[in-house]
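Visitor: What follows is a structure written as C-alpha cells; I'll ask about it next.
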Amino acid sequence: MGQARVILPGIDRRAIIGMVHVGALPGTPHNTSSLEQIVREAAAEARVLKDGGFDAVMIENMHDRPYLLREVGAEIVAGMTAVGLAVRQAVALPLGVQILAGANRQALAVAQACGASFVRAEGFVFAHVADEGLMGEADAGELLRYRRRIGADQVAVWADVKKKHSSHAITGDVDLAATAEAAEFFGADAVIVTGTATAAPAAVEDVRSARQAVHLPVVVGSGISAQNLRDYWTAADAFIVGSSIKRDGLWSNPLDPDRVQRFTRTVAGLPA
C-alpha cells in the first residue's frame, strides 16, 4: 500500500484537493448573489487553496440545495462554466468539477469547456436511493460515450462507490470492493470512498478494501481533517478536503486560511 498511484497530471505523489463550494447559483432557492460575485468569491477561495499548498481545486454547486436529480438547467451549466474559467485563470492547478446531483454529463461538458482535469461522478455503476430520490440507472455507458463524442477523453472520471447521503439497501448484496471493481471494469479513472454524509469520515477499512480491489487510484471523499489524515495516508492516493478547512469546520462557511495552512503542514510531516 506504500507507493501512491498517479492521479493528477504532473503530480507523482499523494494529492490533496481543496473544495470550492460555489455560492448558490442564480435560479436556485438560496441564491442571494449575482453571478459576478459568485465567480469572484470562488476564484478568491481557489487562490487561498493554492497559496496554502494544495495540489488541485474542485468546484461543486453544493449551495444549490435542494438538488435536482441528474438533470440541471442551462443556467447551472453556464454558471459553473463561468466559475471554472475564473478559477483556471486565478490558479495554475488541476481542476475538478462536480454538479449535484449526479449531473455527470453536464459536469463533463463544463470540464471540457474550462480545461478541467477530472469530474466527480455519482451513480457511475449500480443504482441507489439518494436524498434526491431513486438514482435508478447507472450512467457509465452513456457518460463515457458522451465523453468520446465531445472530444473530452482527457477529462478523467472519478466515480463514487457506495456514496454518502444515500441508501444502498438496493445493492446490499454487493459490497464496496465489488462496487469498486465494477467501476474499474466499466472504465472509471479513479474511485472515491466516503462516509455517510458531508464531513463524516470514511471507514479506514473501506478505503483499504477499495485499494486492494482495484488497480485505480483511490480517493477519500469526505471527512478528511488534519487530525485524522495520518490514519488514511498510506491507504489512499488522493484526498478531497472541504469542511475541515472552513471556518468552524462547517462546509457552508468560507475557507479559513489558518485551517488551510494547518492541514498542509500536517501533509508535509507525512511520508512521501
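Residue names in the C-alpha cells use chain letters A, B, ... in the order shown, residue numbers from 1 in each chain, and ligand numbers from 1 in the order shown.
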Could you pull the residues within 7 Å of Met80 in chain A, counting only C-alpha atoms, minus those fewer than 4 positions along the same chain, as a count of residues only?
Guide: 3
Visitor: Identify all residues of range 77-188 of chain A in strand (DSSP E) (DSSP on the backbone) and supply them as an MDAnalysis selection string.
Guide: chainID A and resid 95:98 118:121 128:130 133:135 156:160 166:167
Visitor: Contacts of Asn61 in chain A at 9 Å or less, counting only C-alpha atoms, minus same-chain residues fewer than 4 places along, as a short mmCIF file (atom, residue, chain, number, x, y, z; two decimals) with N, CA and C atoms, in the first residue's frame?
Guide:
```cif
data_model
loop_
_atom_site.label_atom_id
_atom_site.label_comp_id
_atom_site.auth_asym_id
_atom_site.auth_seq_id
_atom_site.Cartn_x
_atom_site.Cartn_y
_atom_site.Cartn_z
N VAL A 20 -13.91 24.08 -3.43
CA VAL A 20 -14.58 25.37 -3.52
C VAL A 20 -16.06 25.09 -3.67
N HIS A 21 -16.82 25.32 -2.60
CA HIS A 21 -18.27 25.14 -2.65
C HIS A 21 -18.88 26.41 -3.22
N VAL A 22 -19.20 26.36 -4.49
CA VAL A 22 -19.68 27.53 -5.23
C VAL A 22 -20.96 28.07 -4.59
N GLY A 23 -21.05 29.38 -4.48
CA GLY A 23 -22.25 30.00 -3.91
C GLY A 23 -23.50 29.62 -4.70
N ALA A 24 -24.65 29.68 -4.03
CA ALA A 24 -25.92 29.30 -4.66
C ALA A 24 -26.10 30.07 -5.96
N LEU A 25 -26.24 29.33 -7.04
CA LEU A 25 -26.28 29.94 -8.37
C LEU A 25 -27.65 30.55 -8.67
N ARG A 65 -28.72 23.52 -3.00
CA ARG A 65 -29.72 22.63 -2.41
C ARG A 65 -31.10 23.28 -2.35
N ILE A 76 -27.31 26.56 -14.79
CA ILE A 76 -26.33 25.97 -13.88
C ILE A 76 -25.06 25.61 -14.65
N MET A 80 -21.56 27.36 -13.75
CA MET A 80 -20.39 26.57 -13.36
C MET A 80 -19.24 26.72 -14.35
N GLN A 98 -17.80 18.95 -10.06
CA GLN A 98 -18.95 18.11 -9.75
C GLN A 98 -20.20 18.98 -9.79
N ILE A 99 -21.26 18.46 -10.44
CA ILE A 99 -22.55 19.14 -10.45
C ILE A 99 -23.57 18.20 -9.82
N LEU A 100 -24.15 18.66 -8.72
CA LEU A 100 -25.15 17.89 -7.99
C LEU A 100 -26.53 18.07 -8.59
#
```
Visitor: Skipping near chain neighbours, those fewer than 5 positions away, what residues fall within 10 Å of Ala236 in chain A using only C-alpha atoms, listed as a CSV table (one decimal) with N, CA and C atoms, in the first residue's frame?
Guide:
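The result, stored in selection_18.csv:
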```csv
chain,number,residue,atom,x,y,z
A,1,MET,N,0.8,-1.2,0.0
A,1,MET,CA,0.0,0.0,0.0
A,1,MET,C,0.8,1.3,0.0
A,2,GLY,N,2.2,1.1,0.0
A,2,GLY,CA,3.0,2.3,0.2
A,2,GLY,C,3.0,3.3,-0.9
A,3,GLN,N,3.4,3.0,-2.1
A,3,GLN,CA,3.6,4.0,-3.2
A,3,GLN,C,2.2,4.5,-3.7
A,4,ALA,N,2.2,5.8,-4.0
A,4,ALA,CA,0.9,6.4,-4.5
A,4,ALA,C,0.7,6.1,-5.9
A,5,ARG,N,-0.5,5.8,-6.4
A,5,ARG,CA,-0.8,5.7,-7.8
A,5,ARG,C,-1.1,7.1,-8.3
A,14,ARG,N,0.9,11.5,-3.4
A,14,ARG,CA,-0.4,11.6,-2.9
A,14,ARG,C,-0.9,13.1,-3.1
A,15,ALA,N,-2.1,13.2,-3.5
A,15,ALA,CA,-2.6,14.6,-3.9
A,15,ALA,C,-3.6,15.0,-2.9
A,192,ILE,N,-13.9,6.8,-5.6
A,192,ILE,CA,-14.0,7.7,-4.4
A,192,ILE,C,-14.7,6.9,-3.3
A,193,VAL,N,-14.2,6.9,-2.1
A,193,VAL,CA,-14.8,6.3,-0.9
A,193,VAL,C,-15.2,7.4,0.1
A,204,VAL,N,-11.8,3.6,7.5
A,204,VAL,CA,-10.4,3.3,7.0
A,204,VAL,C,-10.4,1.9,6.3
A,207,VAL,N,-11.6,2.2,2.8
A,207,VAL,CA,-10.6,2.7,1.9
A,207,VAL,C,-9.6,1.6,1.5
A,208,ARG,N,-9.1,0.9,2.5
A,208,ARG,CA,-8.2,-0.2,2.3
A,208,ARG,C,-8.8,-1.3,1.4
A,210,ALA,N,-11.1,-0.9,-0.9
A,210,ALA,CA,-11.2,-0.4,-2.3
A,210,ALA,C,-9.8,-0.5,-2.9
A,211,ARG,N,-8.8,-0.1,-2.2
A,211,ARG,CA,-7.4,-0.1,-2.8
A,211,ARG,C,-6.9,-1.5,-3.1
A,217,PRO,N,-6.4,4.6,-8.9
A,217,PRO,CA,-6.2,5.4,-7.7
A,217,PRO,C,-7.5,5.4,-6.9
A,218,VAL,N,-7.3,5.5,-5.5
A,218,VAL,CA,-8.4,5.5,-4.6
A,218,VAL,C,-8.4,6.9,-3.9
A,219,VAL,N,-9.5,7.5,-3.8
A,219,VAL,CA,-9.7,8.9,-3.3
A,219,VAL,C,-10.6,8.8,-2.0
A,220,VAL,N,-10.2,9.5,-1.0
A,220,VAL,CA,-11.1,9.6,0.2
A,220,VAL,C,-11.9,10.9,-0.1
```
Visitor: What's the 9 Å shell around range 248-255 of chain A, counting only C-alpha atoms, without same-chain residues fewer than 2 positions away, as JSON, numbers by chain?
Guide: {"A": [20, 21, 45, 48, 49, 62, 63, 198, 199, 242, 243, 244, 245, 246, 257, 258, 259, 260]}
Visitor: If I take CA of Ile150 in chain A and CA of Leu85 in chain A, how far is one from the other in Å, to one decimal?
Guide: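 So the two atoms, CA of Ile150 in chain A and CA of Leu85 in chain A, lie 18.3 Å apart.
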Visitor: Leaving out Phe263 in chain A and any residue of its chain fewer than 2 positions from it, which residues lie within 10 Å of it when counting only C-alpha atoms, given as a list in words?
Guide: Ile16, Gly52, Gly53, Phe54, Ile224, Ser225, Ala226, Gln227, Leu229, Val241, Ser244, Ile245, Pro257, Asp258, Arg259, Val260, Gln261, Arg265, Thr266, Val267 and Ala268 of chain A
Visitor: Go ahead and write the selection's residues with C-alpha atoms as a short mmCIF file (atom, residue, chain, number, x, y, z; two decimals), in the first residue's frame.
Guide:
```cif
data_model
loop_
_atom_site.label_atom_id
_atom_site.label_comp_id
_atom_site.auth_asym_id
_atom_site.auth_seq_id
_atom_site.Cartn_x
_atom_site.Cartn_y
_atom_site.Cartn_z
CA ILE A 16 -4.69 16.90 -1.77
CA GLY A 52 -1.84 27.19 1.22
CA GLY A 53 -0.11 24.45 -0.76
CA PHE A 54 -2.99 22.36 -2.14
CA ILE A 224 -10.64 14.31 5.98
CA SER A 225 -9.02 16.65 8.51
CA ALA A 226 -5.59 17.50 9.87
CA GLN A 227 -6.45 15.36 12.87
CA LEU A 229 -5.24 12.38 7.77
CA VAL A 241 -10.80 18.23 1.64
CA SER A 244 -12.39 20.78 7.93
CA ILE A 245 -10.66 23.75 6.27
CA PRO A 257 -6.66 30.31 5.83
CA ASP A 258 -5.30 29.17 9.21
CA ARG A 259 -7.03 25.78 8.87
CA VAL A 260 -5.73 25.51 5.29
CA GLN A 261 -2.17 26.11 6.48
CA ARG A 265 1.66 21.46 7.48
CA THR A 266 0.25 18.08 8.50
CA VAL A 267 0.76 16.80 4.96
CA ALA A 268 4.37 17.99 4.99
#
```
Visitor: Using only C-alpha atoms, can you tell me which of A:Ala90, A:Ala82, A:Ala169, A:Ala103 comes closest to Leu143 in chain A?
Guide: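 Between A:Ala90, A:Ala82, A:Ala169, A:Ala103, the residue approaching Leu143 in chain A most closely is A:Ala103.
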Visitor: Which neighbours of Glu142 in chain A fall inside 12 Å, counting only C-alpha atoms, when residues of the same chain fewer than 2 positions from it are skipped, and could you give them as a PyMOL selection string?
Guide: chain A and resi 104-105+108+123-125+137-140+144-149+186-187
Visitor: Next, the residues of the selection above should be written as a CSV table (one decimal), in the first residue's frame with N, CA and C atoms.
Guide:
```
chain,number,residue,atom,x,y,z
A,104,ASN,N,-23.7,14.2,-14.3
A,104,ASN,CA,-22.4,13.9,-14.7
A,104,ASN,C,-22.1,14.4,-16.1
A,105,ARG,N,-23.0,14.3,-17.0
A,105,ARG,CA,-22.8,14.8,-18.4
A,105,ARG,C,-22.6,16.3,-18.4
A,108,LEU,N,-19.2,17.1,-17.1
A,108,LEU,CA,-18.2,16.8,-18.1
A,108,LEU,C,-18.1,17.9,-19.2
A,123,GLY,N,-23.4,7.8,-9.2
A,123,GLY,CA,-24.2,6.8,-9.9
A,123,GLY,C,-23.5,6.3,-11.2
A,124,PHE,N,-22.2,6.1,-11.1
A,124,PHE,CA,-21.5,5.6,-12.3
A,124,PHE,C,-21.8,4.2,-12.5
A,125,VAL,N,-21.8,3.4,-11.4
A,125,VAL,CA,-22.3,2.0,-11.5
A,125,VAL,C,-23.3,1.7,-10.4
A,137,GLU,N,-30.6,4.4,-12.6
A,137,GLU,CA,-29.9,4.0,-13.8
A,137,GLU,C,-28.4,4.4,-13.6
A,138,ALA,N,-27.5,3.5,-13.7
A,138,ALA,CA,-26.1,3.8,-13.7
A,138,ALA,C,-25.8,4.4,-15.1
A,139,ASP,N,-24.8,5.4,-15.1
A,139,ASP,CA,-24.7,6.1,-16.3
A,139,ASP,C,-23.3,5.9,-16.9
A,140,ALA,N,-22.5,4.9,-16.5
A,140,ALA,CA,-21.2,4.7,-17.1
A,140,ALA,C,-21.2,4.7,-18.6
A,144,LEU,N,-19.4,7.7,-20.7
A,144,LEU,CA,-18.2,7.6,-21.4
A,144,LEU,C,-18.3,7.7,-22.9
A,145,ARG,N,-19.5,7.4,-23.4
A,145,ARG,CA,-19.8,7.6,-24.9
A,145,ARG,C,-19.9,9.1,-25.1
A,146,TYR,N,-20.6,9.8,-24.2
A,146,TYR,CA,-20.7,11.3,-24.3
A,146,TYR,C,-19.3,11.9,-24.2
A,147,ARG,N,-18.4,11.4,-23.3
A,147,ARG,CA,-17.1,12.0,-23.3
A,147,ARG,C,-16.3,11.8,-24.6
A,148,ARG,N,-16.5,10.7,-25.2
A,148,ARG,CA,-15.8,10.4,-26.5
A,148,ARG,C,-16.4,11.4,-27.6
A,149,ARG,N,-17.8,11.5,-27.5
A,149,ARG,CA,-18.5,12.3,-28.5
A,149,ARG,C,-18.1,13.8,-28.5
A,186,PHE,N,-15.9,-0.9,-15.8
A,186,PHE,CA,-16.7,0.0,-16.6
A,186,PHE,C,-16.0,1.2,-17.1
A,187,GLY,N,-14.7,1.4,-16.7
A,187,GLY,CA,-13.9,2.5,-17.3
A,187,GLY,C,-13.7,3.7,-16.4
```
Visitor: Report, in Å with one decimal, the straight-line distance from CA of Glu71 in chain A to CA of Pro29 in chain A.
Guide: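 Atom-to-atom, CA of Glu71 in chain A and CA of Pro29 in chain A are spaced 16.3 Å apart.
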Visitor: What are the DSSP helix (DSSP H, G or I) residues of range 196-247 of chain A, as a ChimeraX atom specification?
Guide: /A:204-213,229-235,243-245,247
Visitor: Nearest to Val191 in chain A: which of A:Gly221, A:Gly96, A:Gly115, A:Pro66 is it, counting only C-alpha atoms?
Guide: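 That would be A:Gly221, the residue with the smallest distance to Val191 in chain A.
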Visitor: Could you please determine the separation between CA of Ile17 in chain A and CA of Ala56 in chain A in Å, to one decimal place?
Guide: 4.7 Å
Visitor: For Thr171 in chain A, which residue among A:Val129, A:Ala200, A:Ala159, A:Ile59 is the nearest when counting only C-alpha atoms?
Guide: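 Result for the nearest residue to Thr171 in chain A: A:Val129.
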Visitor: I'd like to know which of A:Ala46, A:Ala182, A:Ala238, A:Gly269 is closest to Ile11 in chain A, using only C-alpha atoms.
Guide: A:Ala238
